[in-house]
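Trainee: One file is attached below, upload-v1.txt, containing compact mmCIF, C-alpha atoms.
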```txt
# COMPACT_ATOMS: atom_id res chain seq x y z
CA MET A 37 112.63 87.56 150.81
CA ASN A 38 109.09 88.85 150.52
CA ARG A 39 109.27 90.88 153.68
CA PHE A 40 112.05 93.01 152.19
CA LEU A 41 110.30 93.52 148.89
CA LEU A 42 107.61 95.83 150.24
CA PRO A 43 109.87 98.29 152.10
CA LEU A 44 112.31 98.24 149.17
CA GLY A 45 109.50 99.01 146.76
CA ALA A 46 108.25 101.84 148.96
CA PHE A 47 111.77 103.21 149.19
CA ILE A 48 112.23 103.16 145.41
CA VAL A 49 108.93 104.97 144.89
CA LEU A 50 110.02 107.59 147.43
CA VAL A 51 113.36 108.05 145.67
CA ILE A 52 111.60 108.50 142.32
CA PHE A 53 109.29 111.17 143.78
CA LEU A 54 112.17 113.02 145.42
CA TRP A 55 114.16 112.80 142.19
CA ILE A 56 111.31 114.36 140.24
CA GLY A 57 111.00 116.97 142.98
CA LEU A 58 114.61 117.99 142.42
CA THR A 59 113.96 118.75 138.76
CA LEU A 60 111.01 121.04 139.46
CA ASN A 61 111.43 124.74 140.04
CA PRO A 62 109.20 125.91 142.89
CA ARG A 63 109.87 129.53 141.92
CA GLU A 64 107.95 129.06 138.72
CA VAL A 65 104.34 129.40 139.67
CA PRO A 66 102.17 128.82 136.61
CA SER A 67 100.19 131.95 135.86
CA PRO A 68 96.40 131.65 135.90
CA LEU A 69 96.32 134.43 133.32
CA ILE A 70 97.47 132.17 130.49
CA ASN A 71 94.84 132.13 127.74
CA LYS A 72 92.94 134.90 129.48
CA ILE A 73 92.44 138.44 128.24
CA ALA A 74 95.40 140.56 129.31
CA PRO A 75 94.42 142.77 132.28
CA THR A 76 93.76 146.25 131.04
CA PHE A 77 95.61 149.36 132.18
CA ARG A 78 96.18 152.91 131.12
CA LEU A 79 99.62 154.14 132.09
CA PRO A 80 101.78 157.10 131.18
CA GLN A 81 104.60 156.34 128.80
CA LEU A 82 108.13 156.28 130.15
CA HIS A 83 109.50 158.67 127.57
CA ASP A 84 106.56 161.05 127.53
CA ALA A 85 104.42 161.32 130.65
CA ALA A 86 101.76 163.23 128.71
CA LYS A 87 100.99 160.21 126.51
CA THR A 88 99.44 157.00 127.76
CA ILE A 89 99.51 153.41 126.65
CA GLY A 90 97.30 150.38 127.27
CA PRO A 91 96.85 146.87 125.88
CA GLU A 92 93.84 148.02 123.83
CA ASP A 93 96.15 150.09 121.61
CA LEU A 94 97.88 146.89 120.54
CA ARG A 95 94.88 144.77 119.53
CA GLY A 96 95.39 142.96 116.29
CA LYS A 97 99.08 142.27 116.63
CA VAL A 98 101.25 139.82 118.48
CA TRP A 99 103.41 141.62 121.01
CA LEU A 100 105.60 141.04 124.04
CA LEU A 101 105.29 142.78 127.36
CA ASN A 102 108.59 142.76 129.19
CA VAL A 103 108.46 143.81 132.82
CA TRP A 104 111.71 145.48 133.76
CA ALA A 105 113.34 147.96 136.10
CA SER A 106 116.70 149.66 136.31
CA TRP A 107 117.22 148.34 139.86
CA CYS A 108 116.75 144.76 138.70
CA VAL A 109 120.11 143.11 138.09
CA THR A 110 118.69 140.17 136.14
CA CYS A 111 116.88 142.61 133.84
CA ARG A 112 120.21 144.19 133.00
CA GLN A 113 121.62 140.78 132.14
CA GLU A 114 118.61 140.10 129.94
CA HIS A 115 118.72 143.50 128.28
CA PRO A 116 121.22 142.77 125.46
CA LEU A 117 119.11 139.77 124.43
CA LEU A 118 116.06 141.98 124.06
CA VAL A 119 118.05 144.48 122.03
CA GLU A 120 119.17 141.64 119.79
CA LEU A 121 115.61 140.29 119.50
CA GLU A 122 114.31 143.73 118.57
CA ARG A 123 116.83 143.91 115.71
CA GLN A 124 115.32 140.80 114.18
CA LYS A 125 111.98 142.68 113.83
CA LEU A 126 110.02 139.53 114.54
CA VAL A 127 107.79 140.95 117.22
CA PRO A 128 107.36 144.35 118.85
CA ILE A 129 108.51 144.46 122.47
CA TYR A 130 106.70 146.74 124.86
CA GLY A 131 108.19 147.48 128.24
CA LEU A 132 106.54 147.82 131.60
CA ASN A 133 108.92 149.86 133.68
CA TYR A 134 108.07 148.46 137.09
CA LYS A 135 108.46 150.42 140.34
CA ASP A 136 111.30 152.38 138.90
CA ASN A 137 112.54 155.91 139.00
CA ARG A 138 111.74 157.53 135.67
CA ASP A 139 115.20 159.06 135.27
CA ASP A 140 116.97 155.81 136.19
CA GLY A 141 114.87 153.88 133.70
CA LEU A 142 115.52 156.36 130.91
CA ALA A 143 119.22 156.44 131.71
CA LEU A 144 119.46 152.66 131.38
CA LEU A 145 117.76 152.73 127.98
CA LYS A 146 120.04 155.52 126.86
CA ASN A 147 123.20 153.68 127.90
CA SER A 148 122.37 150.10 126.92
CA GLY A 149 120.01 150.59 124.01
CA ASP A 150 116.22 150.69 123.90
CA PRO A 151 114.62 147.48 122.60
CA TYR A 152 111.12 148.71 123.44
CA THR A 153 108.70 150.16 120.94
CA LEU A 154 107.24 151.92 123.96
CA SER A 155 107.56 151.56 127.71
CA ALA A 156 104.72 152.05 130.14
CA TYR A 157 105.64 153.61 133.46
CA ASP A 158 104.26 151.77 136.47
CA ARG A 159 105.57 153.78 139.40
CA GLU A 160 103.47 152.14 142.12
CA GLY A 161 103.59 148.62 140.72
CA ASN A 162 99.80 148.30 140.69
CA VAL A 163 99.67 147.18 137.08
CA GLY A 164 102.38 144.68 137.93
CA ILE A 165 100.18 143.17 140.65
CA ASP A 166 97.25 143.16 138.24
CA TRP A 167 99.34 141.09 135.84
CA GLY A 168 100.48 138.76 138.60
CA VAL A 169 104.09 139.90 138.45
CA TYR A 170 106.18 138.67 141.37
CA GLY A 171 109.72 138.50 140.13
CA VAL A 172 111.10 140.79 137.49
CA PRO A 173 112.01 140.30 134.73
CA GLU A 174 108.90 138.66 133.35
CA THR A 175 107.89 138.49 129.73
CA PHE A 176 104.35 137.99 128.50
CA VAL A 177 103.41 136.95 124.98
CA ILE A 178 100.08 138.48 123.92
CA ASP A 179 98.27 137.38 120.77
CA LYS A 180 96.21 139.32 118.24
CA SER A 181 92.98 138.98 120.17
CA GLY A 182 94.58 140.28 123.36
CA LEU A 183 94.99 136.93 125.11
CA ILE A 184 98.08 136.20 127.17
CA ARG A 185 99.56 133.08 125.59
CA HIS A 186 102.75 132.58 127.55
CA LYS A 187 104.64 134.00 130.48
CA PHE A 188 108.39 133.73 130.94
CA ILE A 189 109.37 134.17 134.58
CA GLY A 190 112.89 135.37 135.15
CA ALA A 191 115.42 136.34 132.52
CA LEU A 192 115.08 135.12 128.96
CA THR A 193 118.00 133.10 127.66
CA PRO A 194 119.19 132.65 124.06
CA GLU A 195 117.84 129.07 124.22
CA LEU A 196 114.41 130.18 125.46
CA ILE A 197 114.19 132.81 122.76
CA GLN A 198 115.25 130.43 119.98
CA ASN A 199 113.35 127.35 121.05
CA LYS A 200 110.26 128.76 122.65
CA LEU A 201 109.61 132.43 122.10
CA ILE A 202 110.30 132.80 118.38
CA PRO A 203 108.40 129.61 117.36
CA LEU A 204 105.45 130.73 119.49
CA VAL A 205 105.42 134.21 117.96
CA LYS A 206 105.61 132.73 114.46
CA GLU A 207 102.78 130.35 115.24
CA LEU A 208 100.61 133.15 116.62
CA ASN A 209 101.34 135.36 113.64
CA GLY A 210 100.53 132.58 111.24
CA ALA A 211 97.20 131.78 112.83
CA MET B 295 143.62 148.55 160.98
CA HIS B 296 142.06 151.01 158.62
CA ASN B 297 140.31 148.22 156.76
CA ARG B 298 138.93 146.79 159.92
CA PHE B 299 137.43 150.14 160.86
CA LEU B 300 135.83 150.48 157.43
CA PHE B 301 134.40 146.99 157.77
CA LEU B 302 132.86 147.89 161.13
CA VAL B 303 131.29 151.03 159.72
CA LEU B 304 129.83 149.07 156.80
CA LEU B 305 128.54 146.44 159.20
CA LEU B 306 126.77 149.10 161.22
CA LEU B 307 125.27 150.60 158.08
CA MET B 308 123.88 147.27 156.90
CA PRO B 309 120.42 147.63 158.46
CA LEU B 310 119.99 150.92 156.60
CA ALA B 311 120.14 149.11 153.29
CA HIS B 312 116.86 147.48 154.20
CA ALA B 313 115.31 150.44 155.92
CA ASP B 314 113.09 151.31 152.96
CA GLN B 315 111.38 147.93 152.95
CA ALA B 316 108.88 148.17 155.72
CA VAL B 317 107.17 151.45 154.91
CA ILE B 318 103.57 150.81 155.81
CA LYS B 319 101.03 153.50 156.44
CA LYS B 320 99.09 152.63 159.56
CA ASP B 321 96.42 154.95 160.86
CA ASP B 322 93.27 152.92 161.45
CA PRO B 323 93.86 150.01 163.88
CA VAL B 324 90.58 148.27 163.00
CA LEU B 325 91.36 148.34 159.28
CA GLU B 326 94.94 147.33 160.02
CA LYS B 327 93.74 144.25 161.86
CA ARG B 328 91.53 143.23 158.92
CA VAL B 329 94.47 143.76 156.56
CA MET B 330 96.72 141.58 158.69
CA ASP B 331 94.07 138.87 159.17
CA LEU B 332 93.51 138.64 155.44
CA SER B 333 97.24 138.86 154.70
CA ALA B 334 97.79 135.80 156.87
CA HIS B 335 95.89 133.82 154.24
CA LEU B 336 98.04 134.98 151.34
CA ARG B 337 101.36 133.50 150.37
CA CYS B 338 104.31 135.72 149.60
CA LEU B 339 105.51 134.49 146.20
CA VAL B 340 109.01 135.81 146.70
CA CYS B 341 109.52 134.07 150.03
CA GLN B 342 107.22 131.15 149.48
CA ASN B 343 106.89 129.72 152.94
CA GLN B 344 105.85 133.00 154.47
CA THR B 345 102.54 134.77 154.34
CA ILE B 346 102.53 138.36 153.18
CA ALA B 347 101.56 139.27 156.75
CA ASP B 348 104.90 137.88 157.98
CA SER B 349 107.01 139.17 155.16
CA ASN B 350 108.55 142.56 154.56
CA ALA B 351 109.67 141.76 151.04
CA GLU B 352 108.78 144.57 148.71
CA LEU B 353 106.14 142.58 146.89
CA ALA B 354 104.52 141.56 150.18
CA VAL B 355 104.33 145.19 151.28
CA ASP B 356 102.80 146.12 147.92
CA LEU B 357 100.26 143.33 148.21
CA LYS B 358 99.36 144.40 151.74
CA ASN B 359 98.82 147.91 150.42
CA GLN B 360 96.56 146.49 147.72
CA VAL B 361 94.59 144.56 150.33
CA ARG B 362 94.26 147.71 152.43
CA GLU B 363 93.15 149.77 149.43
CA LYS B 364 90.55 147.22 148.40
CA LEU B 365 89.19 146.95 151.93
CA GLN B 366 88.91 150.71 152.03
CA GLN B 367 86.96 150.56 148.77
CA GLY B 368 84.51 148.32 150.59
CA GLN B 369 85.42 145.01 148.96
CA SER B 370 84.77 141.89 151.00
CA GLU B 371 87.49 139.51 152.18
CA GLN B 372 86.31 136.87 149.72
CA GLU B 373 86.38 139.29 146.79
CA ILE B 374 89.98 140.19 147.56
CA LEU B 375 91.03 136.53 147.86
CA ASP B 376 89.33 135.85 144.51
CA TYR B 377 91.19 138.75 142.94
CA MET B 378 94.54 137.45 144.20
CA VAL B 379 93.80 133.91 142.98
CA LYS B 380 92.89 135.27 139.54
CA ARG B 381 96.21 137.11 139.38
CA TYR B 382 98.63 134.74 141.06
CA GLY B 383 96.89 131.38 140.97
CA GLU B 384 95.66 129.20 143.82
CA PHE B 385 99.21 128.87 145.11
CA VAL B 386 98.78 132.34 146.57
CA LEU B 387 96.35 130.94 149.15
CA PHE B 388 98.42 129.88 152.12
CA SER B 389 96.21 126.93 152.95
CA PRO B 390 95.24 125.05 149.78
CA LEU B 391 91.57 124.70 148.85
CA VAL B 392 89.90 121.38 149.61
CA LYS B 393 89.03 119.91 146.21
CA SER B 394 89.56 116.68 144.30
CA THR B 395 93.17 117.46 143.32
CA THR B 396 94.13 118.34 146.89
CA TRP B 397 92.34 115.52 148.70
CA LEU B 398 95.54 113.50 148.95
CA LEU B 399 97.30 116.53 150.40
CA TRP B 400 94.63 117.16 153.00
CA PHE B 401 93.67 113.62 153.90
CA GLY B 402 96.90 111.77 153.05
CA PRO B 403 98.20 111.88 156.63
CA LEU B 404 94.88 110.54 157.93
CA LEU B 405 95.04 107.82 155.28
CA LEU B 406 98.55 106.87 156.42
CA LEU B 407 97.34 106.71 160.02
CA VAL B 408 94.45 104.42 159.07
CA VAL B 409 96.77 102.19 157.03
CA GLY B 410 99.28 102.12 159.89
CA ILE B 411 96.63 101.09 162.41
CA GLY B 412 95.41 98.44 159.97
CA VAL B 413 98.90 96.97 159.56
CA LEU B 414 99.44 97.01 163.33
CA PHE B 415 96.12 95.21 163.84
CA VAL B 416 96.96 92.50 161.30
CA ILE B 417 100.41 91.92 162.80
CA LEU B 418 99.02 91.67 166.33
CA ARG B 419 96.42 89.16 165.19
CA GLN B 420 99.02 87.04 163.42
CA ARG B 421 101.15 87.06 166.51
CA ARG B 422 98.27 85.98 168.71
CA LYS B 423 97.47 83.15 166.30
CA MET B 424 101.10 82.01 166.41
CA MET B 425 101.00 81.94 170.20
CA GLN B 426 97.86 79.84 170.14
CA GLN B 427 99.29 77.43 167.62
CA ALA B 428 102.48 76.85 169.59
CA PRO B 429 102.44 73.27 171.00
CA ALA B 430 101.48 73.00 174.66
CA LEU B 431 104.26 72.08 177.09
CA SER B 432 104.53 68.56 178.38
CA THR B 433 105.14 67.76 182.08
CA ASP B 434 108.81 67.03 181.23
CA ASP B 435 109.18 70.48 179.68
CA HIS B 436 107.67 72.05 182.79
CA ALA B 437 110.09 70.17 185.03
CA ARG B 438 113.04 71.21 182.90
CA ALA B 439 111.95 74.82 182.87
CA ALA B 440 111.52 74.80 186.65
CA SER B 441 114.99 73.37 187.18
CA LEU B 442 116.54 75.90 184.79
CA LEU B 443 114.82 78.73 186.61
CA SER B 444 115.95 77.54 190.01
CA GLY B 445 119.56 77.57 188.83
CA LYS B 446 120.23 73.82 188.84
CA ARG B 447 121.47 72.65 185.51
CA GLY B 448 120.15 69.13 185.89
CA GLY B 449 117.76 69.00 183.00
CA GLU B 450 120.14 70.48 180.55
CA GLN B 451 121.83 67.50 178.96
CA SER B 452 119.60 64.63 179.84
```
Would you mind giving the structure from this file in structure tokens?
Mentor:
Amino acid sequence: MNRFLLPLGAFIVLVIFLWIGLTLNPREVPSPLINKIAPTFRLPQLHDAAKTIGPEDLRGKVWLLNVWASWCVTCRQEHPLLVELERQKLVPIYGLNYKDNRDDGLALLKNSGDPYTLSAYDREGNVGIDWGVYGVPETFVIDKSGLIRHKFIGALTPELIQNKLIPLVKELNGA
Amino acid sequence: MHNRFLFLVLLLLMPLAHADQAVIKKDDPVLEKRVMDLSAHLRCLVCQNQTIADSNAELAVDLKNQVREKLQQGQSEQEILDYMVKRYGEFVLFSPLVKSTTWLLWFGPLLLLVVGIGVLFVILRQRRKMMQQAPALSTDDHARAASLLSGKRGGEQS
């Protein structure tokens, strides 16, 4: 009896580990930038190339940075949710138009609504790399002191917005 | 027939859809070698089991361009690796760092080998002990064994 117990035990442990492994998402690499000062940049605005925008302009308020592009299918799926979120006036959403064609980006905003207070235009994607972006869309939550507090990788969902994003924004605004 | 032709044309055009991916400016072979050597240490986060040196995904090409730019600015290999880790986390390093949380990862196989050899050793010793403890054969047993081996069945049912 005893001689079967050990292999059986080892097998059960293995199954538990594999089971846990199935529930993890290897695509979600935790960002080392969480609770760090948001990397600075100075980029032209999407709507007006003559004006620039950078994280310093937004010190003192809680804001979202949504990395998006017109070529990104998932961003288009996420877009109506952002428009809806913007209507609630809970938090300003800033866009980082990532490796996009200016006209394509503007056309998308014109056709599907513009949830962004402003969009920065990152033609080369260098700011994206600086922020550790590897799969658009990504959404960063930045607090009043300019720290990145959370990063959503991939498209937001109504559940994520309701259960995670809005409570976090409220908490950060309250503090 | 018409459809089949269209399908063929589309099939032939398929490579073109990816043609814009591998645009890399190469002019300085020495620099290019340094870029590729360093890129071989960086994981492509889009295609996670490839290094950015092996990958032509858009992000990998961008990261290689960043590496090239930073080398041109005179940054050292270590500085660039540090920059990438700060941005993307340690996962971006293709071979994990050796530290307390990765000891099991690095030395686990060795540990398994040691345990395996240990178990083998114990089992072999037990077996030898069992052989020694087995009762010695009497002269009758020897006679019976000899007759069995020679093919006569005399000793069988005595």
Trainee: Write out as JSON, numbers by chain the residues lying within 10 Å of region 62-76 of chain A, counting only C-alpha atoms and excluding same-chain residues fewer than 5 positions away.
Mentor: {"A": [57, 90, 91, 92, 163, 164, 166, 167, 168, 169, 170, 171, 176, 177, 178, 179, 181, 182, 183, 184, 185, 186, 187, 188, 189, 190], "B": [339, 340, 341, 342, 379, 380, 381, 382, 383, 384, 385, 386]}
Trainee: I'd like the interatomic distance between CA of Leu94 (chain A) and CA of Asn199 (chain A), to a tenth of an Å.
Mentor: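 We find that CA of Leu94 (chain A) and CA of Asn199 (chain A) lie 24.9 Å from each other.
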Trainee: Using Å and a single decimal, report how far CA of Asp356 (chain B) sits from CA of Glu326 (chain B).
Mentor: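 Between these atoms lies a distance of 14.5 Å.
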Trainee: Take CA of Glu122 (chain A) and CA of Pro173 (chain A) and report the distance between them in Å, one decimal.
Mentor: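 One can read the CA of Glu122 (chain A) to CA of Pro173 (chain A) distance as 16.7 Å.
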Trainee: Please provide as an mmCIF file with C-alpha atoms, in the frame of the given file all residues within 10 Å of Glu160 (chain A), with the sequence filter that same-chain residues fewer than 2 positions apart are discarded (counting all atoms listed in the file).
Mentor:
```cif
data_model
loop_
_atom_site.group_PDB
_atom_site.id
_atom_site.type_symbol
_atom_site.label_atom_id
_atom_site.label_comp_id
_atom_site.auth_asym_id
_atom_site.auth_seq_id
_atom_site.Cartn_x
_atom_site.Cartn_y
_atom_site.Cartn_z
ATOM 1 C CA TYR A 134 108.070 148.460 137.090
ATOM 2 C CA LYS A 135 108.460 150.420 140.340
ATOM 3 C CA ASP A 136 111.300 152.380 138.900
ATOM 4 C CA TYR A 157 105.640 153.610 133.460
ATOM 5 C CA ASP A 158 104.260 151.770 136.470
ATOM 6 C CA ASN A 162 99.800 148.300 140.690
ATOM 7 C CA VAL A 163 99.670 147.180 137.080
ATOM 8 C CA GLY A 164 102.380 144.680 137.930
ATOM 9 C CA ILE A 165 100.180 143.170 140.650
ATOM 10 C CA ASP B 356 102.800 146.120 147.920
#
```
Trainee: Kindly indicate which residue among A:Arg78, A:Arg123, A:Arg159, A:Lys206 lies nearest to Trp104 (chain A), using all atoms listed in the file for the distances.
Mentor: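 Going through A:Arg78, A:Arg123, A:Arg159, A:Lys206 one by one, the smallest distance to Trp104 (chain A) is for A:Arg159.
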Trainee: Restricting the calculation to only C-alpha atoms: of A:Ala191, A:Leu121, A:Leu50, A:Leu41, which residue gets closest to Thr175 (chain A)?
Mentor: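 Using only C-alpha atoms, the shortest distance to Thr175 (chain A) belongs to A:Ala191.
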Trainee: B:Gln420, B:Asn343, B:Thr433, B:Ser389: which is nearest chain A, counting all atoms listed in the file?
Mentor: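 Closest to chain A, using all atoms listed in the file: B:Asn343.
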Trainee: Looking at only C-alpha atoms, which of A:Glu174, A:Gly210, A:Gly161, A:Lys87 is the one that sits closest to chain B?
Mentor: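 Ranked by minimum distance to chain B, first place goes to A:Gly161.
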Trainee: Would you please work out which residue, of A:Leu100, A:Leu154, A:Ala85, A:Leu126, is nearest to Arg138 (chain A) when using all atoms listed in the file?
Mentor: A:Ala85
Trainee: For Gln124 (chain A), list every protein, DNA or RNA residue within 12 Å, evaluated using only C-alpha atoms, and leave out those in the same chain fewer than 4 positions away; present the list as a VMD selection string.
Mentor: chain A and resid 117 to 120 128 to 129 151 197 to 198 202
Trainee: If you take every atom of region 133-148 of chain A that the file lists and fit an axis-aligned box around them with 4 Å extra on each side, what centre and edge lengths come out in Å to one decimal, as JSON?
Mentor:
```
{"center_x": 115.6, "center_y": 153.8, "center_z": 133.6, "size_x": 23.1, "size_y": 18.6, "size_z": 21.5}
```
Trainee: Excluding His83 (chain A) and residues on its chain fewer than 5 positions from it, collect all residues at most 12 Å away from it, counting only C-alpha atoms, and give them as JSON, numbers by chain.
Mentor: {"A": [88, 89, 131, 132, 133, 138, 139, 140, 141, 142, 143, 145, 146, 150, 152, 153, 154, 155, 156, 157]}
